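This is entry_29.csv. It holds CSV, C-alpha atoms.
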chain,number,residue,atom,x,y,z
A,1,MET,CA,93.5,154.3,16.7
A,2,ALA,CA,91.9,155.4,20.0
A,3,THR,CA,92.1,153.1,23.0
A,4,LEU,CA,89.6,153.0,25.8
A,5,ALA,CA,91.0,153.7,29.3
A,6,PRO,CA,90.1,151.2,32.0
A,7,THR,CA,87.0,152.1,33.9
A,8,THR,CA,87.5,153.5,37.3
A,9,ARG,CA,85.2,154.6,40.0
A,10,THR,CA,85.4,158.4,40.7
A,11,SER,CA,84.1,160.7,43.3
A,12,SER,CA,80.7,162.2,42.7
A,13,ILE,CA,81.6,165.5,44.4
A,14,PRO,CA,82.2,168.3,41.9
A,15,GLY,CA,85.8,169.4,41.4
A,16,ILE,CA,87.2,166.2,42.8
A,17,ALA,CA,88.6,163.8,40.3
A,18,ALA,CA,90.4,161.4,42.6
A,19,PRO,CA,89.4,157.8,42.1
A,20,LEU,CA,87.5,156.0,44.8
A,21,PRO,CA,88.8,152.6,46.1
A,22,PRO,CA,87.3,149.6,44.2
A,23,ALA,CA,84.1,148.1,45.4
A,24,ARG,CA,84.5,145.6,48.2
A,25,PRO,CA,83.5,142.1,47.5
A,26,ALA,CA,80.3,140.9,49.2
A,27,ARG,CA,80.8,139.7,52.7
A,28,PHE,CA,80.8,135.9,53.2
A,29,ALA,CA,80.7,135.4,49.5
A,30,VAL,CA,81.9,131.8,50.0
A,31,LEU,CA,78.5,131.0,51.6
A,32,ARG,CA,76.4,132.2,48.6
A,33,HIS,CA,76.2,128.7,47.1
A,34,VAL,CA,75.9,126.7,50.3
A,35,GLY,CA,72.4,125.3,49.7
A,36,PRO,CA,70.3,122.9,51.7
A,37,ASN,CA,71.8,120.0,49.8
A,38,TRP,CA,74.9,120.3,52.0
A,39,TYR,CA,72.9,118.6,54.8
A,40,ALA,CA,73.2,115.4,52.7
A,41,SER,CA,76.9,115.2,53.8
A,42,VAL,CA,75.8,115.1,57.4
A,43,MET,CA,73.2,112.4,56.8
A,44,GLY,CA,75.5,110.3,54.7
A,45,THR,CA,78.1,110.4,57.4
A,46,ALA,CA,75.8,109.6,60.4
A,47,ILE,CA,74.2,106.7,58.6
A,48,VAL,CA,77.6,104.9,58.3
A,49,ALA,CA,77.9,104.9,62.1
A,50,SER,CA,74.3,103.7,62.6
A,51,ALA,CA,74.5,101.1,60.0
A,52,GLY,CA,77.7,99.7,61.4
A,53,ALA,CA,76.2,99.4,64.8
A,54,ALA,CA,73.1,97.6,63.4
A,55,LEU,CA,75.0,94.9,61.5
A,56,PRO,CA,73.6,91.4,62.3
A,57,THR,CA,76.8,89.7,63.1
A,58,GLU,CA,75.3,87.1,65.4
A,59,PRO,CA,73.7,84.9,62.6
A,60,LEU,CA,77.2,84.7,61.1
A,61,GLY,CA,78.6,83.3,64.3
A,62,LEU,CA,80.5,86.6,65.1
A,63,ALA,CA,80.4,88.9,68.1
A,64,SER,CA,77.9,91.8,68.1
A,65,PRO,CA,79.2,95.0,66.6
A,66,ALA,CA,79.6,96.5,70.1
A,67,ASP,CA,81.9,93.6,71.0
A,68,ILE,CA,84.2,94.1,68.0
A,69,PRO,CA,86.7,96.7,69.0
A,70,ALA,CA,87.7,97.8,65.5
A,71,LEU,CA,84.2,98.2,64.3
A,72,ARG,CA,83.0,99.9,67.4
A,73,ALA,CA,85.9,102.4,67.3
A,74,ALA,CA,85.3,103.1,63.6
A,75,CYS,CA,81.6,103.8,64.2
A,76,VAL,CA,82.4,106.1,67.1
A,77,ILE,CA,84.9,108.1,64.9
A,78,VAL,CA,82.3,108.5,62.1
A,79,TRP,CA,79.6,109.5,64.6
A,80,ALA,CA,81.9,112.1,66.1
A,81,LEU,CA,82.6,113.4,62.6
A,82,SER,CA,78.9,113.7,61.8
A,83,ALA,CA,78.3,115.4,65.2
A,84,LEU,CA,81.0,118.0,64.3
A,85,MET,CA,79.7,118.5,60.7
A,86,LEU,CA,76.1,119.2,61.8
A,87,PRO,CA,76.8,122.5,63.7
A,88,LEU,CA,79.2,123.6,61.0
A,89,VAL,CA,76.7,123.1,58.2
A,90,LEU,CA,74.0,124.7,60.3
A,91,ALA,CA,76.2,127.7,60.9
A,92,ALA,CA,76.9,128.0,57.2
A,93,ARG,CA,73.3,127.8,56.3
A,94,VAL,CA,72.4,130.5,58.9
A,95,GLY,CA,75.1,132.7,57.4
A,96,HIS,CA,73.7,132.0,54.0
A,97,TRP,CA,70.2,133.2,55.0
A,98,ILE,CA,71.7,136.3,56.8
A,99,HIS,CA,74.1,137.4,54.0
A,100,HIS,CA,72.5,136.0,50.9
A,101,ARG,CA,68.8,136.2,51.4
A,102,ASP,CA,68.1,136.8,47.8
A,103,ARG,CA,69.7,133.4,47.0
A,104,ALA,CA,68.0,131.7,49.9
A,105,ARG,CA,64.6,132.9,48.6
A,106,ALA,CA,65.4,131.8,45.1
A,107,HIS,CA,66.2,128.3,46.4
A,108,LEU,CA,62.7,128.1,47.9
A,109,LEU,CA,61.2,129.0,44.5
A,110,ASP,CA,63.3,126.6,42.6
A,111,PRO,CA,61.6,123.2,42.3
A,112,SER,CA,65.0,121.5,41.9
A,113,VAL,CA,66.4,122.9,45.1
A,114,ALA,CA,63.4,123.4,47.5
A,115,PRO,CA,63.0,119.6,48.1
A,116,PHE,CA,66.4,119.6,49.7
A,117,TYR,CA,65.0,121.3,52.8
A,118,GLY,CA,63.9,117.9,53.8
A,119,CYS,CA,67.6,117.1,54.3
A,120,LEU,CA,67.7,119.5,57.3
A,121,ALA,CA,65.3,117.3,59.1
A,122,MET,CA,67.0,114.1,58.2
A,123,ALA,CA,70.4,115.5,59.2
A,124,LEU,CA,69.1,116.3,62.7
A,125,LEU,CA,67.4,112.9,63.0
A,126,ALA,CA,70.4,110.9,61.6
A,127,VAL,CA,72.9,112.5,64.0
A,128,GLY,CA,70.4,112.1,66.9
A,129,GLY,CA,69.9,108.4,66.1
A,130,ALA,CA,73.6,107.8,65.8
A,131,THR,CA,74.2,109.5,69.1
A,132,LEU,CA,71.9,107.1,70.9
A,133,THR,CA,73.3,104.0,69.3
A,134,VAL,CA,77.0,104.9,69.0
A,135,GLY,CA,77.6,108.1,70.9
A,136,ARG,CA,76.4,106.6,74.1
A,137,TYR,CA,79.8,104.8,74.4
A,138,VAL,CA,81.5,108.2,74.6
A,139,ILE,CA,79.1,110.6,76.3
A,140,GLY,CA,77.1,108.2,78.4
A,141,GLU,CA,73.6,106.8,78.0
A,142,SER,CA,71.8,109.7,79.8
A,143,ALA,CA,73.5,112.4,77.7
A,144,ALA,CA,72.9,110.4,74.5
A,145,VAL,CA,69.2,110.1,75.3
A,146,ALA,CA,68.9,113.8,76.0
A,147,VAL,CA,70.7,114.7,72.7
A,148,ASP,CA,68.6,112.3,70.7
A,149,ALA,CA,65.4,113.6,72.3
A,150,VAL,CA,66.2,117.2,71.3
A,151,LEU,CA,67.4,116.3,67.8
A,152,PHE,CA,64.5,113.9,67.2
A,153,THR,CA,61.9,116.5,68.3
A,154,ALA,CA,63.5,119.2,66.2
A,155,GLY,CA,64.0,116.9,63.2
A,156,THR,CA,60.4,115.6,63.3
A,157,LEU,CA,58.9,119.1,63.5
A,158,VAL,CA,61.1,120.3,60.6
A,159,GLY,CA,60.4,117.2,58.6
A,160,LEU,CA,56.6,117.4,59.0
A,161,THR,CA,56.8,121.1,58.1
A,162,ALA,CA,58.8,120.3,54.9
A,163,ALA,CA,56.5,117.5,54.0
A,164,VAL,CA,53.7,120.0,53.8
A,165,ALA,CA,55.4,123.3,52.8
A,166,VAL,CA,57.5,122.0,49.9
A,167,PRO,CA,54.6,120.2,48.1
A,168,TYR,CA,52.5,123.3,48.7
A,169,LEU,CA,55.2,125.5,47.0
A,170,MET,CA,55.4,123.0,44.1
A,171,VAL,CA,51.6,123.3,43.6
A,172,VAL,CA,51.1,127.1,44.0
A,173,ARG,CA,54.5,128.7,43.2
A,174,HIS,CA,56.7,126.3,41.2
A,175,ARG,CA,56.1,125.6,37.5
A,176,VAL,CA,57.0,122.1,36.7
A,177,ARG,CA,56.5,120.0,33.6
A,178,PRO,CA,56.2,116.1,33.4
A,179,GLY,CA,59.8,116.0,32.2
A,180,ASP,CA,61.0,117.8,35.3
A,181,ALA,CA,60.0,114.9,37.7
A,182,SER,CA,63.1,114.0,39.7
A,183,PRO,CA,63.9,111.6,42.6
A,184,VAL,CA,64.8,114.8,44.5
A,185,TRP,CA,61.0,115.3,45.0
A,186,LEU,CA,61.1,112.4,47.5
A,187,LEU,CA,63.3,114.2,50.0
A,188,PRO,CA,60.7,116.2,51.9
A,189,VAL,CA,58.2,113.4,52.1
A,190,VAL,CA,60.7,110.8,53.2
A,191,ALA,CA,61.8,112.8,56.3
A,192,PRO,CA,58.8,111.6,58.4
A,193,MET,CA,59.8,108.0,57.5
A,194,VAL,CA,63.2,108.7,59.2
A,195,SER,CA,61.4,109.9,62.3
A,196,ALA,CA,59.3,106.7,62.2
A,197,ALA,CA,62.4,104.6,62.0
A,198,LEU,CA,64.3,106.4,64.8
A,199,GLY,CA,61.5,107.2,67.2
A,200,PRO,CA,61.2,103.6,68.5
A,201,GLY,CA,64.7,104.0,70.0
A,202,LEU,CA,63.4,106.5,72.5
A,203,ILE,CA,60.3,104.5,73.5
A,204,PRO,CA,62.0,102.6,76.4
A,205,TYR,CA,63.1,105.8,78.0
A,206,LEU,CA,59.6,107.3,78.2
A,207,PRO,CA,57.2,106.8,81.1
A,208,ALA,CA,55.3,103.6,80.7
A,209,GLY,CA,51.7,103.8,79.5
A,210,GLN,CA,50.3,106.6,77.4
A,211,TRP,CA,53.6,108.2,76.5
A,212,ARG,CA,55.1,105.1,75.0
A,213,GLU,CA,52.0,104.1,73.2
A,214,ALA,CA,51.5,107.6,71.8
A,215,LEU,CA,55.0,107.7,70.4
A,216,LEU,CA,54.6,104.2,68.9
A,217,LEU,CA,51.4,105.1,67.1
A,218,ALA,CA,52.7,108.5,66.1
A,219,CYS,CA,55.6,106.7,64.4
A,220,TYR,CA,53.2,104.4,62.6
A,221,ALA,CA,51.3,107.5,61.4
A,222,MET,CA,54.4,109.0,60.1
A,223,PHE,CA,55.3,105.7,58.4
A,224,GLY,CA,51.9,105.8,56.6
A,225,LEU,CA,52.2,109.5,55.8
A,226,SER,CA,55.6,109.0,54.1
A,227,LEU,CA,54.7,105.7,52.4
A,228,LEU,CA,51.6,107.0,50.7
A,229,ALA,CA,53.2,110.2,49.6
A,230,THR,CA,56.1,108.2,48.2
A,231,LEU,CA,53.7,105.9,46.3
A,232,THR,CA,52.2,109.0,44.6
A,233,LEU,CA,55.6,110.2,43.4
A,234,LEU,CA,57.3,107.0,42.3
A,235,PRO,CA,55.2,106.6,39.1
A,236,LEU,CA,56.0,110.1,38.1
A,237,ILE,CA,59.7,109.5,38.5
A,238,PHE,CA,59.8,106.2,36.7
A,239,GLY,CA,57.5,107.6,34.0
A,240,ARG,CA,59.9,110.5,33.4
A,241,LEU,CA,62.8,108.1,32.9
A,242,VAL,CA,60.9,105.9,30.5
A,243,THR,CA,59.4,108.8,28.4
A,244,HIS,CA,62.2,111.3,28.6
A,245,GLY,CA,65.3,109.1,28.9
A,246,PRO,CA,68.2,109.2,31.4
A,247,LEU,CA,68.8,112.1,33.7
A,248,PRO,CA,71.6,114.6,32.9
A,249,LEU,CA,75.0,113.1,33.9
A,250,ALA,CA,75.4,115.4,36.9
A,251,LEU,CA,72.0,114.4,38.3
A,252,THR,CA,72.3,110.6,37.8
A,253,PRO,CA,73.3,109.9,41.4
A,254,ALA,CA,69.9,111.3,42.5
A,255,LEU,CA,68.4,108.0,41.2
A,256,PHE,CA,69.7,106.4,44.4
A,257,LEU,CA,67.4,108.6,46.4
A,258,VAL,CA,64.5,106.2,45.6
A,259,LEU,CA,66.2,103.7,47.9
A,260,GLY,CA,65.7,106.0,50.8
A,261,PRO,CA,61.9,105.5,51.5
A,262,LEU,CA,62.3,101.8,50.6
A,263,GLY,CA,65.1,101.0,52.9
A,264,GLN,CA,63.9,103.4,55.6
A,265,SER,CA,60.4,102.0,55.6
A,266,THR,CA,61.7,98.5,56.0
A,267,THR,CA,63.9,99.7,58.9
A,268,ALA,CA,60.9,101.5,60.4
A,269,VAL,CA,58.6,98.5,60.6
A,270,GLY,CA,61.3,96.4,62.1
A,271,HIS,CA,62.2,98.9,64.8
A,272,LEU,CA,58.5,99.6,65.6
A,273,ALA,CA,57.8,95.8,66.0
A,274,ARG,CA,60.7,95.5,68.4
A,275,ALA,CA,59.6,98.5,70.4
A,276,ALA,CA,55.9,97.4,70.5
A,277,PRO,CA,56.3,95.2,73.7
A,278,HIS,CA,57.7,98.2,75.6
A,279,ALA,CA,54.8,100.4,74.5
A,280,LEU,CA,51.8,98.0,74.7
A,281,THR,CA,52.4,95.7,77.6
A,282,SER,CA,51.7,98.4,80.1
A,283,ALA,CA,48.8,100.0,78.2
A,284,PRO,CA,45.3,98.9,77.1
A,285,PRO,CA,44.2,96.5,75.7
A,286,ALA,CA,44.8,94.2,78.7
A,287,SER,CA,46.0,91.5,76.4
A,288,PRO,CA,48.4,93.1,73.9
A,289,ALA,CA,50.0,89.8,72.7
A,290,PRO,CA,47.9,89.6,69.4
A,291,TYR,CA,48.9,93.1,68.5
A,292,ILE,CA,52.6,92.5,69.2
A,293,SER,CA,52.6,89.3,67.1
A,294,ALA,CA,50.7,91.0,64.3
A,295,LEU,CA,53.3,93.8,64.2
A,296,ASP,CA,56.1,91.3,64.1
A,297,ALA,CA,54.5,89.5,61.2
A,298,PHE,CA,53.9,92.8,59.4
A,299,ALA,CA,57.5,93.8,59.7
A,300,VAL,CA,58.5,90.7,57.8
A,301,LEU,CA,55.6,90.5,55.3
A,302,TYR,CA,56.1,94.2,54.4
A,303,GLY,CA,59.9,94.3,54.7
A,304,VAL,CA,60.9,91.4,52.4
A,305,PRO,CA,59.0,92.5,49.3
A,306,VAL,CA,60.0,96.1,49.7
A,307,LEU,CA,63.6,95.2,50.2
A,308,GLY,CA,63.4,93.0,47.0
A,309,PHE,CA,62.2,96.1,45.1
A,310,ALA,CA,65.0,98.1,46.7
A,311,LEU,CA,67.5,95.7,45.3
A,312,LEU,CA,65.9,95.9,41.9
A,313,TRP,CA,66.2,99.7,41.9
A,314,LEU,CA,69.7,99.5,43.3
A,315,ALA,CA,70.7,97.4,40.3
A,316,LEU,CA,69.0,99.8,37.9
A,317,ALA,CA,70.4,103.0,39.5
A,318,GLY,CA,73.9,101.3,39.6
A,319,ALA,CA,73.8,100.6,35.9
A,320,MET,CA,72.7,104.1,35.2
A,321,ALA,CA,75.6,105.5,37.4
A,322,VAL,CA,78.1,103.3,35.6
A,323,ARG,CA,76.8,104.5,32.3
A,324,ALA,CA,77.1,108.2,33.4
A,325,ALA,CA,80.6,107.6,34.8
A,326,ARG,CA,81.8,106.3,31.5
A,327,ARG,CA,80.4,109.4,29.9
A,328,GLY,CA,82.3,111.8,32.2
A,329,MET,CA,79.9,112.3,35.1
A,330,PRO,CA,81.4,115.2,37.1
A,331,PHE,CA,81.7,115.3,40.9
A,332,SER,CA,79.1,117.4,42.7
A,333,MET,CA,77.3,117.3,46.0
A,334,THR,CA,74.7,114.9,44.4
A,335,TRP,CA,77.3,112.2,44.9
A,336,TRP,CA,76.2,112.1,48.6
A,337,ALA,CA,73.0,110.4,47.2
A,338,PHE,CA,75.2,107.3,47.1
A,339,THR,CA,75.4,107.1,50.9
A,340,PHE,CA,72.3,107.7,53.0
A,341,PRO,CA,69.8,105.8,50.8
A,342,VAL,CA,72.2,102.8,50.7
A,343,GLY,CA,72.6,103.0,54.4
A,344,THR,CA,68.8,102.7,54.9
A,345,CYS,CA,69.0,99.4,52.9
A,346,VAL,CA,71.7,98.2,55.3
A,347,THR,CA,69.6,98.9,58.4
A,348,GLY,CA,66.5,97.4,56.7
A,349,ALA,CA,68.3,94.2,55.7
A,350,ALA,CA,69.8,94.0,59.2
A,351,GLY,CA,66.4,94.3,60.8
A,352,LEU,CA,65.0,91.5,58.7
A,353,ALA,CA,68.0,89.4,59.6
A,354,HIS,CA,67.4,90.0,63.3
A,355,ALA,CA,63.7,89.2,62.9
A,356,THR,CA,64.1,86.0,60.8
A,357,GLY,CA,67.5,84.7,61.8
A,358,LEU,CA,68.2,84.2,58.1
A,359,THR,CA,72.0,84.1,57.4
A,360,ALA,CA,71.5,85.2,53.8
A,361,LEU,CA,70.0,88.5,55.0
A,362,ALA,CA,72.9,89.0,57.3
A,363,TRP,CA,75.3,88.5,54.4
A,364,LEU,CA,73.2,90.9,52.3
A,365,SER,CA,73.4,93.6,55.0
A,366,LEU,CA,77.2,93.2,55.3
A,367,ALA,CA,77.6,93.4,51.5
A,368,LEU,CA,75.5,96.6,51.4
A,369,PHE,CA,77.6,98.0,54.3
A,370,VAL,CA,80.8,97.5,52.3
A,371,LEU,CA,79.1,99.3,49.4
A,372,LEU,CA,78.0,102.1,51.8
A,373,THR,CA,81.5,102.6,53.3
A,374,ALA,CA,83.1,102.7,49.8
A,375,ALA,CA,80.6,105.3,48.6
A,376,TRP,CA,81.0,107.4,51.7
A,377,ALA,CA,84.8,107.3,51.4
A,378,VAL,CA,84.7,108.5,47.8
A,379,ALA,CA,82.1,111.2,48.5
A,380,TRP,CA,83.9,112.4,51.6
A,381,THR,CA,87.3,112.5,49.9
A,382,ARG,CA,86.1,114.4,46.9
A,383,THR,CA,84.2,116.8,49.1
A,384,VAL,CA,87.2,117.6,51.2
A,385,HIS,CA,89.3,118.0,48.1
A,386,GLY,CA,86.8,120.4,46.7
A,387,LEU,CA,86.7,122.5,49.9
A,388,VAL,CA,90.5,122.6,50.0
A,389,SER,CA,90.9,123.5,46.4
A,390,GLY,CA,88.2,126.1,46.4
A,391,ALA,CA,86.0,124.3,43.9
A,392,LEU,CA,83.4,123.9,46.7
A,393,PRO,CA,81.2,125.6,47.5
A,394,ALA,CA,80.6,127.1,44.1
A,395,ALA,CA,77.7,127.6,41.8
A,396,PRO,CA,76.6,124.2,40.5
A,397,PRO,CA,76.9,123.7,36.8
A,398,VAL,CA,73.7,124.0,34.8
A,399,PRO,CA,72.7,120.4,34.0
A,400,GLY,CA,73.0,119.5,30.3
A,401,PRO,CA,70.3,117.8,28.4
A,402,ALA,CA,69.4,114.2,29.0
A,403,THR,CA,71.7,111.9,27.2
A,404,ALA,CA,70.3,109.9,24.3
A,405,ARG,CA,69.1,106.5,25.4
A,406,THR,CA,70.4,104.9,22.2
A,407,LYS,CA,74.1,105.7,23.0

The structure in this file should be written as structure tokens.
Amino acid sequence: MATLAPTTRTSSIPGIAAPLPPARPARFAVLRHVGPNWYASVMGTAIVASAGAALPTEPLGLASPADIPALRAACVIVWALSALMLPLVLAARVGHWIHHRDRARAHLLDPSVAPFYGCLAMALLAVGGATLTVGRYVIGESAAVAVDAVLFTAGTLVGLTAAVAVPYLMVVRHRVRPGDASPVWLLPVVAPMVSAALGPGLIPYLPAGQWREALLLACYAMFGLSLLATLTLLPLIFGRLVTHGPLPLALTPALFLVLGPLGQSTTAVGHLARAAPHALTSAPPASPAPYISALDAFAVLYGVPVLGFALLWLALAGAMAVRAARRGMPFSMTWWAFTFPVGTCVTGAAGLAHATGLTALAWLSLALFVLLTAAWAVAWTRTVHGLVSGALPAAPPVPGPATARTK
């Protein structure tokens, strides 16, 4: 019985039968599967620091977070970690585009991956906001303001670009069906909401008058942009769940992404209301008091109902996650969806607690913060283990079919 000899590469020059060395592996092959979803790990880490610094401890009779040494130190450590992760992920993504352009272009044409480009903007914004609120204790206020200004400007420009470019691609290049609707679609349109929530932190550092008022109103415009876009997508997402059943197990954590625009919009209206006196008292109209009081009222009247819906969705998404875990939900980078969206609910509840002085809201924000830190610890530990073991980065598994709703 004849046997086949192993295939070898030989020289193409006539008369020379010497084998050539085996083909070299592609350079930087490890970067081939580092997609834009990796920015979620930066977002999810930075939000822990920002949420910890925003906790409303005063209504509970405790010192402010800045006066609690252990909490302040923990927030600083997590902020420093996010500040280190940001350039590392940025460098990996640049390497991905340089050495694996075919894969990068394929990501843009994939409706399940392209929305993650919104995560780049949110990673820049989240680290910038955490630098201003937490990093200032390490690098000083002036340096923190400068870093936040640069990251806020870059993140806002990238976010606004993604909010237009990704939906454009979905309309003219992507081919999606009603059953393909996913919470991931929210990522590019929620990025401007993050700008709306973090922009008010820079208002006191701008020249009084037109500059402050312009940033305030720009943030309100981005709030409206993101909110209305979210309202057009949420019915598609919920309708897909009702008509097509649960998401595939590996994608179940993406349900938590719906919390992002809900918690972030609640945070935004609270931050904008608190920044309004700095922006309006030195600009027309001559008597800004009615506007300031109206914005304060809007922050509560909008924030409380939206936070209530966020808690409803948190319960629904949590139940779906427990169901998926019992059926063997594998670890993947989608687990980072458990972090940033929950963090926005922490800051939203904290803002309402500050505005109303209600102790129940303070306890709610603390409970959500405990959930956030637990989710972050799990996602961080599993990600580090995946990097060390070589399981990450790797080609993500193809999602299986949606699980039967009757089981």

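When all atoms listed in the file are used to measure the gap to Gly343 in chain A, the shortest distance among A:Gly201, A:Gly263, A:Pro167, A:Pro115 belongs to A:Gly263.
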
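Once Leu202 in chain A and its same-chain neighbours fewer than 2 positions away are set aside, Leu132, Val145, Asp148, Ala149, Leu198, Gly199, Pro200, Pro204, Tyr205, Leu206, Arg212 and Leu215 of chain A remain within 9 Å of it when counting only C-alpha atoms.
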
Margin query: If we count only C-alpha atoms and set the cut-off at 12 Å, which residues sit around Leu109 in chain A, ignoring sequence neighbours fewer than 6 positions away in its own chain? Please answer as a VMD selection string.
Written below: chain A and resid 102 to 103 115 to 117 165 to 176

Margin query: Neighbouring residues of Trp79 in chain A were defined as those with any atom within 9 Å, considering only C-alpha atoms; residues of the same chain fewer than 5 positions away were excluded. Please report them as a ChimeraX atom specification.
Written below: /A:45-50,74,84,127,130-131,134-135

Item checked: Surrounding residues of range 32-41 of chain A excluding itself and chain neighbours under 5 positions, 9 Å, only C-alpha atoms, as a count of residues only -> 41

Next item on the list: Step by step: start from the point (58.0, 119.1, 58.5) in the file's coordinates, keep every protein, DNA or RNA residue that has an atom no farther than 9 Å from it, count all atoms listed in the file, and write the set as a list in words.
Entry: Gly118, Ala121, Gly155, Thr156, Leu157, Val158, Gly159, Leu160, Thr161, Ala162, Ala163, Val164, Ala165, Pro188, Val189, Ala191 and Pro192 of chain A

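Taking CA of Pro330 in chain A and CA of Leu372 in chain A as endpoints, the distance between them is 20.0 Å.
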
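CA of Leu124 in chain A is found 21.0 Å from CA of Ile98 in chain A.
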
Mind running range 245-303 of chain A against range 53-64 of chain A at 12 Å and telling me each contacting residue's nearest atom pair with the distance in Å (one decimal), counting all atoms listed in the file, chain and number ascending, as JSON lines?
{"residue": "A:Thr267", "atom": "CA", "partner": "A:Ala54", "partner_atom": "CA", "distance": 10.5}
{"residue": "A:Gly270", "atom": "CA", "partner": "A:Ala54", "partner_atom": "CA", "distance": 11.9}
{"residue": "A:His271", "atom": "CA", "partner": "A:Ala54", "partner_atom": "CA", "distance": 11.1}

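Of the residues under consideration (A:Leu88, A:Leu272, A:Leu236, A:Ala250), A:Leu272 shows the shortest atom-to-atom contact distance to Phe223 in chain A when counting only C-alpha atoms.
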
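If you measure from each of A:Ala391, A:Met222, A:Ala319, A:Leu216 to Ala273 in chain A using all atoms listed in the file, the closest one turns out to be A:Leu216.
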